[in-house]
file my_file_16.txt (compact mmCIF, C-alpha atoms)
# COMPACT_ATOMS: atom_id res chain seq x y z
CA MET X 1 -15.02 22.17 4.35
CA GLU X 2 -15.82 20.66 0.95
CA LYS X 3 -14.35 17.30 1.97
CA ALA X 4 -16.41 17.25 5.17
CA ALA X 5 -19.55 18.07 3.18
CA ALA X 6 -18.79 15.24 0.74
CA VAL X 7 -18.33 12.78 3.62
CA LEU X 8 -21.58 13.89 5.24
CA ALA X 9 -23.41 13.52 1.92
CA ALA X 10 -22.02 9.99 1.50
CA LEU X 11 -23.08 9.06 5.05
CA LEU X 12 -26.55 10.46 4.46
CA LEU X 13 -26.89 8.44 1.25
CA TRP X 14 -25.68 5.33 3.12
CA GLN X 15 -28.29 5.94 5.86
CA LEU X 16 -31.11 6.42 3.35
CA LEU X 17 -30.16 3.27 1.43
CA ALA X 18 -30.03 1.21 4.64
CA MET X 19 -33.43 2.54 5.67
CA ALA X 20 -34.90 1.81 2.23
CA ILE X 21 -33.55 -1.76 2.16
CA ASN X 22 -34.51 -2.28 5.81
CA ASN X 23 -32.50 -5.51 6.13
CA ARG X 24 -29.55 -5.51 8.56
CA LEU X 25 -28.15 -8.64 6.93
CA LEU X 26 -27.70 -6.83 3.60
CA LEU X 27 -26.85 -3.29 4.69
CA VAL X 28 -26.55 -1.76 8.15
CA THR X 29 -26.76 1.93 8.99
CA PRO X 30 -23.70 4.05 9.82
CA PHE X 31 -24.89 4.20 13.43
CA VAL X 32 -24.73 0.41 13.76
CA VAL X 33 -21.20 0.41 12.34
CA LEU X 34 -20.11 3.15 14.76
CA GLU X 35 -21.66 1.21 17.63
CA ARG X 36 -19.67 -1.90 16.69
CA LEU X 37 -16.50 0.19 16.35
CA PHE X 38 -16.91 1.72 19.80
CA ARG X 39 -17.37 -1.76 21.26
CA MET X 40 -14.35 -3.22 19.47
CA ILE X 41 -11.80 -0.44 19.96
CA PRO X 42 -11.37 -0.80 23.76
CA THR X 43 -10.70 -4.55 23.51
CA GLY X 44 -7.25 -6.12 23.44
CA ASP X 45 -8.21 -8.43 20.54
CA PHE X 46 -8.87 -5.38 18.36
CA TRP X 47 -5.44 -3.86 18.92
CA ARG X 48 -3.66 -7.22 18.58
CA SER X 49 -5.34 -7.76 15.21
CA VAL X 50 -4.44 -4.24 14.07
CA ALA X 51 -0.82 -4.66 15.20
CA PHE X 52 -0.56 -8.06 13.46
CA SER X 53 -1.79 -6.79 10.10
CA VAL X 54 -0.07 -3.38 10.21
CA SER X 55 3.34 -4.89 11.00
CA ARG X 56 3.15 -7.40 8.17
CA ILE X 57 1.53 -5.31 5.45
CA LEU X 58 3.79 -2.31 6.05
CA SER X 59 6.83 -4.61 6.16
CA GLY X 60 5.89 -5.93 2.74
CA PHE X 61 5.38 -2.38 1.47
CA LEU X 62 8.76 -1.17 2.75
CA ILE X 63 10.62 -4.21 1.43
CA GLY X 64 8.90 -3.87 -1.96
CA SER X 65 9.69 -0.14 -2.12
CA PHE X 66 13.36 -0.69 -1.27
CA ILE X 67 13.94 -3.61 -3.64
CA GLY X 68 11.88 -1.96 -6.41
CA THR X 69 13.99 1.21 -6.15
CA LEU X 70 17.24 -0.79 -6.06
CA LEU X 71 16.30 -2.86 -9.11
CA ALA X 72 15.23 0.29 -10.98
CA VAL X 73 18.61 1.89 -10.31
CA ILE X 74 20.39 -1.23 -11.58
CA ALA X 75 18.12 -1.44 -14.65
CA GLY X 76 18.66 2.26 -15.35
CA ARG X 77 22.43 1.74 -15.24
CA PHE X 78 22.62 -1.57 -17.12
CA ARG X 79 20.29 -2.19 -20.07
CA ILE X 80 20.75 -5.97 -19.83
CA ALA X 81 19.26 -5.87 -16.30
CA ASP X 82 16.19 -4.05 -17.63
CA ILE X 83 15.74 -6.67 -20.37
CA LEU X 84 16.08 -9.56 -17.92
CA LEU X 85 13.71 -8.03 -15.34
CA ARG X 86 11.02 -7.02 -17.84
CA PRO X 87 9.20 -10.39 -18.10
CA TYR X 88 9.13 -10.81 -14.31
CA MET X 89 7.62 -7.38 -13.75
CA ALA X 90 5.09 -7.93 -16.54
CA ALA X 91 4.09 -11.30 -15.04
CA ILE X 92 3.65 -9.85 -11.55
CA LYS X 93 1.49 -7.00 -12.87
CA ALA X 94 -0.68 -9.30 -15.01
CA THR X 95 -1.21 -12.18 -12.55
CA PRO X 96 -4.39 -11.91 -10.41
CA VAL X 97 -3.79 -11.36 -6.70
CA ALA X 98 -5.89 -14.43 -5.84
CA SER X 99 -3.61 -16.64 -7.95
CA PHE X 100 -0.53 -15.37 -6.11
CA ILE X 101 -2.20 -15.90 -2.74
CA ILE X 102 -3.17 -19.50 -3.48
CA LEU X 103 0.27 -20.29 -4.92
CA CYS X 104 2.07 -18.69 -1.99
CA LEU X 105 -0.02 -20.67 0.50
CA ILE X 106 1.80 -23.75 -0.82
CA TRP X 107 5.22 -22.18 -0.15
CA LEU X 108 4.72 -19.94 2.89
CA ASN X 109 3.25 -20.02 6.36
CA SER X 110 -0.09 -18.19 6.41
CA ARG X 111 1.19 -15.82 9.14
CA ASN X 112 3.76 -14.36 6.73
CA LEU X 113 1.62 -14.54 3.59
CA SER X 114 0.50 -10.90 3.73
CA VAL X 115 4.14 -9.73 3.87
CA PHE X 116 5.03 -11.46 0.61
CA ILE X 117 1.79 -10.54 -1.19
CA SER X 118 2.17 -6.86 -0.22
CA PHE X 119 5.78 -7.00 -1.41
CA LEU X 120 4.75 -8.44 -4.78
CA MET X 121 2.08 -5.80 -5.35
CA VAL X 122 4.40 -2.90 -4.50
CA LEU X 123 7.50 -4.11 -6.36
CA PRO X 124 6.47 -3.51 -10.02
CA ILE X 125 4.80 -0.16 -9.28
CA VAL X 126 7.86 1.29 -7.56
CA TYR X 127 10.23 -0.29 -10.09
CA THR X 128 8.33 1.10 -13.10
CA ASN X 129 7.96 4.62 -11.68
CA VAL X 130 11.55 4.97 -10.49
CA LEU X 131 12.94 3.54 -13.74
CA LEU X 132 10.79 5.99 -15.72
CA GLY X 133 12.14 8.83 -13.57
CA ILE X 134 15.74 7.75 -14.10
CA ARG X 135 15.29 7.55 -17.86
CA SER X 136 13.66 10.99 -18.04
CA THR X 137 16.49 12.72 -16.16
CA ASP X 138 17.77 15.77 -18.03
CA LYS X 139 20.61 14.54 -20.26
CA GLN X 140 22.16 18.00 -20.43
CA LEU X 141 22.55 18.05 -16.64
CA LEU X 142 24.26 14.67 -16.76
CA GLU X 143 26.56 15.84 -19.57
CA MET X 144 27.46 18.90 -17.50
CA ALA X 145 28.20 16.63 -14.54
CA ASP X 146 30.51 14.56 -16.76
CA LEU X 147 32.20 17.70 -18.05
CA PHE X 148 33.00 18.98 -14.56
CA ASN X 149 33.80 15.50 -13.16
CA ILE X 150 31.07 15.69 -10.53
CA GLY X 151 31.12 12.62 -8.26
CA TRP X 152 28.27 10.10 -7.95
CA TRP X 153 27.19 11.39 -4.52
CA ARG X 154 26.69 14.96 -5.76
CA ARG X 155 24.88 13.67 -8.85
CA LEU X 156 22.56 11.65 -6.66
CA ARG X 157 21.97 14.54 -4.26
CA TYR X 158 21.54 17.44 -6.71
CA ILE X 159 20.33 15.80 -9.94
CA TYR X 160 18.70 12.42 -9.41
CA ILE X 161 16.90 12.82 -6.05
CA PRO X 162 15.16 16.16 -6.88
CA HIS X 163 14.09 14.73 -10.24
CA LEU X 164 12.94 11.36 -8.86
CA THR X 165 11.04 12.75 -5.86
CA PRO X 166 7.63 13.12 -7.62
CA TYR X 167 8.00 9.68 -9.21
CA ILE X 168 8.79 8.06 -5.85
CA LEU X 169 5.95 9.87 -4.06
CA SER X 170 3.50 8.91 -6.80
CA ALA X 171 4.58 5.27 -6.67
CA CYS X 172 4.29 5.13 -2.88
CA THR X 173 0.88 6.81 -2.86
CA VAL X 174 -0.54 4.24 -5.28
CA SER X 175 1.25 1.18 -3.94
CA ILE X 176 0.57 1.64 -0.23
CA GLY X 177 -3.18 1.46 -0.79
CA LEU X 178 -2.75 -1.55 -3.07
CA SER X 179 -0.55 -3.27 -0.49
CA TRP X 180 -3.36 -2.97 2.07
CA LYS X 181 -5.95 -4.37 -0.35
CA ALA X 182 -3.76 -7.30 -1.35
CA GLY X 183 -2.44 -7.92 2.16
CA VAL X 184 -5.88 -8.11 3.75
CA ALA X 185 -7.12 -10.29 0.87
CA ALA X 186 -4.23 -12.67 1.60
CA GLU X 187 -5.24 -12.76 5.27
CA VAL X 188 -8.88 -13.48 4.41
CA ILE X 189 -7.84 -16.47 2.28
CA GLY X 190 -4.97 -17.68 4.49
CA ILE X 191 -6.83 -16.87 7.76
CA PRO X 192 -3.76 -16.38 10.01
CA THR X 193 -4.76 -16.33 13.67
CA GLY X 194 -5.08 -12.84 15.16
CA SER X 195 -5.22 -10.89 11.88
CA ILE X 196 -7.72 -8.39 10.50
CA GLY X 197 -8.37 -10.86 7.69
CA GLU X 198 -9.47 -13.46 10.22
CA ARG X 199 -11.91 -10.94 11.74
CA LEU X 200 -13.38 -10.25 8.30
CA TYR X 201 -13.71 -13.98 7.62
CA GLU X 202 -15.45 -14.51 10.97
CA ALA X 203 -17.85 -11.63 10.22
CA LYS X 204 -18.75 -13.30 6.94
CA GLU X 205 -19.17 -16.73 8.55
CA TYR X 206 -21.50 -15.40 11.26
CA PHE X 207 -23.35 -13.01 8.90
CA SER X 208 -22.27 -10.08 11.10
CA THR X 209 -22.65 -7.26 8.60
CA GLY X 210 -21.99 -4.61 11.24
CA ASP X 211 -18.61 -6.13 12.09
CA LEU X 212 -17.79 -6.51 8.39
CA PHE X 213 -18.40 -2.82 7.75
CA ALA X 214 -16.63 -1.80 10.95
CA TRP X 215 -13.46 -3.72 10.09
CA THR X 216 -13.62 -2.38 6.53
CA LEU X 217 -13.65 1.18 7.90
CA VAL X 218 -10.68 0.29 10.11
CA ILE X 219 -8.76 -0.95 7.05
CA ILE X 220 -9.57 2.22 5.10
CA ALA X 221 -8.50 4.41 8.02
CA LEU X 222 -5.24 2.50 8.50
CA SER X 223 -4.46 2.68 4.78
CA ILE X 224 -5.06 6.43 4.60
CA LEU X 225 -3.12 7.05 7.83
CA ALA X 226 -0.16 4.94 6.67
CA GLU X 227 -0.10 6.74 3.32
CA LYS X 228 -0.15 10.21 4.85
CA ILE X 229 2.49 9.40 7.47
CA PHE X 230 4.84 7.79 4.96
CA VAL X 231 4.44 10.49 2.30
CA LYS X 232 4.85 13.33 4.82
CA THR X 233 7.90 11.65 6.36
CA LEU X 234 9.50 11.07 2.98
CA THR X 235 8.74 14.63 1.86
CA TYR X 236 10.20 16.00 5.10
CA LEU X 237 13.39 13.97 4.68
CA LEU X 238 13.81 15.09 1.07
CA ASN X 239 13.22 18.74 2.01
CA LEU X 240 15.66 18.36 4.91
CA ARG X 241 18.27 17.10 2.47
CA GLU X 242 17.86 20.26 0.39
CA THR X 243 18.73 22.50 3.35
CA TYR X 244 22.28 21.10 3.61
call {"tool": "encode", "arguments": {"input": "my_file_16.txt", "output": "structure tokens"}}
result
Amino acid sequence: MEKAAAVLAALLLWQLLAMAINNRLLLVTPFVVLERLFRMIPTGDFWRSVAFSVSRILSGFLIGSFIGTLLAVIAGRFRIADILLRPYMAAIKATPVASFIILCLIWLNSRNLSVFISFLMVLPIVYTNVLLGIRSTDKQLLEMADLFNIGWWRRLRYIYIPHLTPYILSACTVSIGLSWKAGVAAEVIGIPTGSIGERLYEAKEYFSTGDLFAWTLVIIALSILAEKIFVKTLTYLLNLRETY
């Protein structure tokens, strides 16, 4: 109820601002945006653009999550790996997204640019969180596992995974939204044909503020939906593991 009230208050404020400015080029009303959405959603171009961007951005997110977790496990096991990886992770976190996009346009086809950019944005977040979780694992539990000669699979299942779960969920929650921001930004600059980024670029070129806001709402909705589906699926799988 409180969330719905907050959304309604935000929409009301948006409506009042649009009415006060009274310039559709600068700010349109929520009703104009909804009208544009209802016109776009039934078209095939809309769904092709959504499918194009979703497949690439989520692919980059999943690849980044997997490789980030794998590298964190290696770095947690071997200190030399952590030392060698540290400058790369620091460089990725410090470099502006726009710089990566422009550099990658030299190396990659624009159609696959959003995959790589999403991957780069997710990698250090997942790596840092998982590595922090590994290092904060209860040492007494690990010593007990050594004392009773518990195998690596049981350690992973009963010690590491329960401890790492909040770190992994936190990393995924933050990084999936960032992957959408960076991925769409890459599409806007690279302008691959049939992407959401191309639609945003076209809206800017033709001063179609209604379309710009409509596509922005689509991106927000897709990001939130992807986050909730992934987090709920991961939580379900981890809870399922605990029942065996």
call {"tool": "residues_around", "arguments": {"input": "my_file_16.txt", "residues": "Arg77 (chain X)", "least_positions_apart": "5", "cutoff": "10 Å", "atoms": "all atoms listed in the file", "output": "VMD selection string"}}
result
chain X and resid 71 to 72 82 131 134 to 135
call {"tool": "write_last_selection", "arguments": {"input": "my_file_16.txt", "atoms": "C-alpha atoms", "output": "compact mmCIF listing (two decimals), in the frame of the given file"}}
result
# COMPACT_ATOMS: atom_id res chain seq x y z
CA LEU X 71 16.30 -2.86 -9.11
CA ALA X 72 15.23 0.29 -10.98
CA ASP X 82 16.19 -4.05 -17.63
CA LEU X 131 12.94 3.54 -13.74
CA ILE X 134 15.74 7.75 -14.10
CA ARG X 135 15.29 7.55 -17.86
call {"tool": "atom_distance", "arguments": {"input": "my_file_16.txt", "atom1": "CA of Tyr201 (chain X)", "atom2": "CA of Cys172 (chain X)"}}
result
28.3 Å
call {"tool": "closest_residue", "arguments": {"input": "my_file_16.txt", "among": "X:Leu84, X:Ala20, X:Ile176, X:Ile74", "to": "Gly60 (chain X)", "atoms": "all atoms listed in the file"}}
result
X:Ile176
call {"tool": "atom_distance", "arguments": {"input": "my_file_16.txt", "atom1": "CA of Thr216 (chain X)", "atom2": "CA of Pro30 (chain X)"}}
result
12.4 Å
call {"tool": "residues_around", "arguments": {"input": "my_file_16.txt", "residues": "Val188 (chain X)", "least_positions_apart": "4", "cutoff": "9 Å", "atoms": "all atoms listed in the file", "output": "list in words"}}
result
Gly183, Val184, Pro192, Ser195, Ile196, Gly197, Glu198, Arg199, Leu200 and Tyr201 of chain X
call {"tool": "closest_residue", "arguments": {"input": "my_file_16.txt", "among": "X:Arg24, X:Lys181, X:Lys93, X:His163", "to": "Leu58 (chain X)", "atoms": "all atoms listed in the file"}}
result
X:Lys181
call {"tool": "atom_distance", "arguments": {"input": "my_file_16.txt", "atom1": "CA of Glu227 (chain X)", "atom2": "CA of Val174 (chain X)"}}
result
9.0 Å
call {"tool": "closest_residue", "arguments": {"input": "my_file_16.txt", "among": "X:Thr128, X:Ser49, X:Thr165, X:Thr95", "to": "Ala75 (chain X)", "atoms": "only C-alpha atoms"}}
result
X:Thr128
call {"tool": "closest_residue", "arguments": {"input": "my_file_16.txt", "among": "X:Ile117, X:Trp180, X:Ile219, X:Val231", "to": "Pro166 (chain X)", "atoms": "all atoms listed in the file"}}
result
X:Val231
call {"tool": "residues_around", "arguments": {"input": "my_file_16.txt", "residues": "Arg48 (chain X)", "least_positions_apart": "3", "cutoff": "8 Å", "atoms": "only C-alpha atoms", "output": "ChimeraX atom specification"}}
result
/X:44-45,51-52,194-195
call {"tool": "closest_residue", "arguments": {"input": "my_file_16.txt", "among": "X:Leu164, X:Glu205, X:Leu123, X:Ile191", "to": "Ser65 (chain X)", "atoms": "all atoms listed in the file"}}
result
X:Leu123
call {"tool": "residues_around", "arguments": {"input": "my_file_16.txt", "residues": "Met121 (chain X)", "least_positions_apart": "6", "cutoff": "12 Å", "atoms": "all atoms listed in the file", "output": "ChimeraX atom specification"}}
result
/X:57,60-65,68,89-98,100-101,114-115,127,171-172,174-183,185-186
call {"tool": "write_last_selection", "arguments": {"input": "my_file_16.txt", "atoms": "C-alpha atoms", "output": "PDB file, keeping the file's coordinate frame"}}
result
ATOM      1  CA  ILE X  57       1.530  -5.310   5.450  1.00  0.00           C
ATOM      2  CA  GLY X  60       5.890  -5.930   2.740  1.00  0.00           C
ATOM      3  CA  PHE X  61       5.380  -2.380   1.470  1.00  0.00           C
ATOM      4  CA  LEU X  62       8.760  -1.170   2.750  1.00  0.00           C
ATOM      5  CA  ILE X  63      10.620  -4.210   1.430  1.00  0.00           C
ATOM      6  CA  GLY X  64       8.900  -3.870  -1.960  1.00  0.00           C
ATOM      7  CA  SER X  65       9.690  -0.140  -2.120  1.00  0.00           C
ATOM      8  CA  GLY X  68      11.880  -1.960  -6.410  1.00  0.00           C
ATOM      9  CA  MET X  89       7.620  -7.380 -13.750  1.00  0.00           C
ATOM     10  CA  ALA X  90       5.090  -7.930 -16.540  1.00  0.00           C
ATOM     11  CA  ALA X  91       4.090 -11.300 -15.040  1.00  0.00           C
ATOM     12  CA  ILE X  92       3.650  -9.850 -11.550  1.00  0.00           C
ATOM     13  CA  LYS X  93       1.490  -7.000 -12.870  1.00  0.00           C
ATOM     14  CA  ALA X  94      -0.680  -9.300 -15.010  1.00  0.00           C
ATOM     15  CA  THR X  95      -1.210 -12.180 -12.550  1.00  0.00           C
ATOM     16  CA  PRO X  96      -4.390 -11.910 -10.410  1.00  0.00           C
ATOM     17  CA  VAL X  97      -3.790 -11.360  -6.700  1.00  0.00           C
ATOM     18  CA  ALA X  98      -5.890 -14.430  -5.840  1.00  0.00           C
ATOM     19  CA  PHE X 100      -0.530 -15.370  -6.110  1.00  0.00           C
ATOM     20  CA  ILE X 101      -2.200 -15.900  -2.740  1.00  0.00           C
ATOM     21  CA  SER X 114       0.500 -10.900   3.730  1.00  0.00           C
ATOM     22  CA  VAL X 115       4.140  -9.730   3.870  1.00  0.00           C
ATOM     23  CA  TYR X 127      10.230  -0.290 -10.090  1.00  0.00           C
ATOM     24  CA  ALA X 171       4.580   5.270  -6.670  1.00  0.00           C
ATOM     25  CA  CYS X 172       4.290   5.130  -2.880  1.00  0.00           C
ATOM     26  CA  VAL X 174      -0.540   4.240  -5.280  1.00  0.00           C
ATOM     27  CA  SER X 175       1.250   1.180  -3.940  1.00  0.00           C
ATOM     28  CA  ILE X 176       0.570   1.640  -0.230  1.00  0.00           C
ATOM     29  CA  GLY X 177      -3.180   1.460  -0.790  1.00  0.00           C
ATOM     30  CA  LEU X 178      -2.750  -1.550  -3.070  1.00  0.00           C
ATOM     31  CA  SER X 179      -0.550  -3.270  -0.490  1.00  0.00           C
ATOM     32  CA  TRP X 180      -3.360  -2.970   2.070  1.00  0.00           C
ATOM     33  CA  LYS X 181      -5.950  -4.370  -0.350  1.00  0.00           C
ATOM     34  CA  ALA X 182      -3.760  -7.300  -1.350  1.00  0.00           C
ATOM     35  CA  GLY X 183      -2.440  -7.920   2.160  1.00  0.00           C
ATOM     36  CA  ALA X 185      -7.120 -10.290   0.870  1.00  0.00           C
ATOM     37  CA  ALA X 186      -4.230 -12.670   1.600  1.00  0.00           C
TER      38      ALA X 186
END
call {"tool": "residues_around", "arguments": {"input": "my_file_16.txt", "residues": "Leu11 (chain X)", "least_positions_apart": "6", "cutoff": "10 Å", "atoms": "only C-alpha atoms", "output": "PyMOL selection string"}}
result
chain X and resi 5+17+29-31
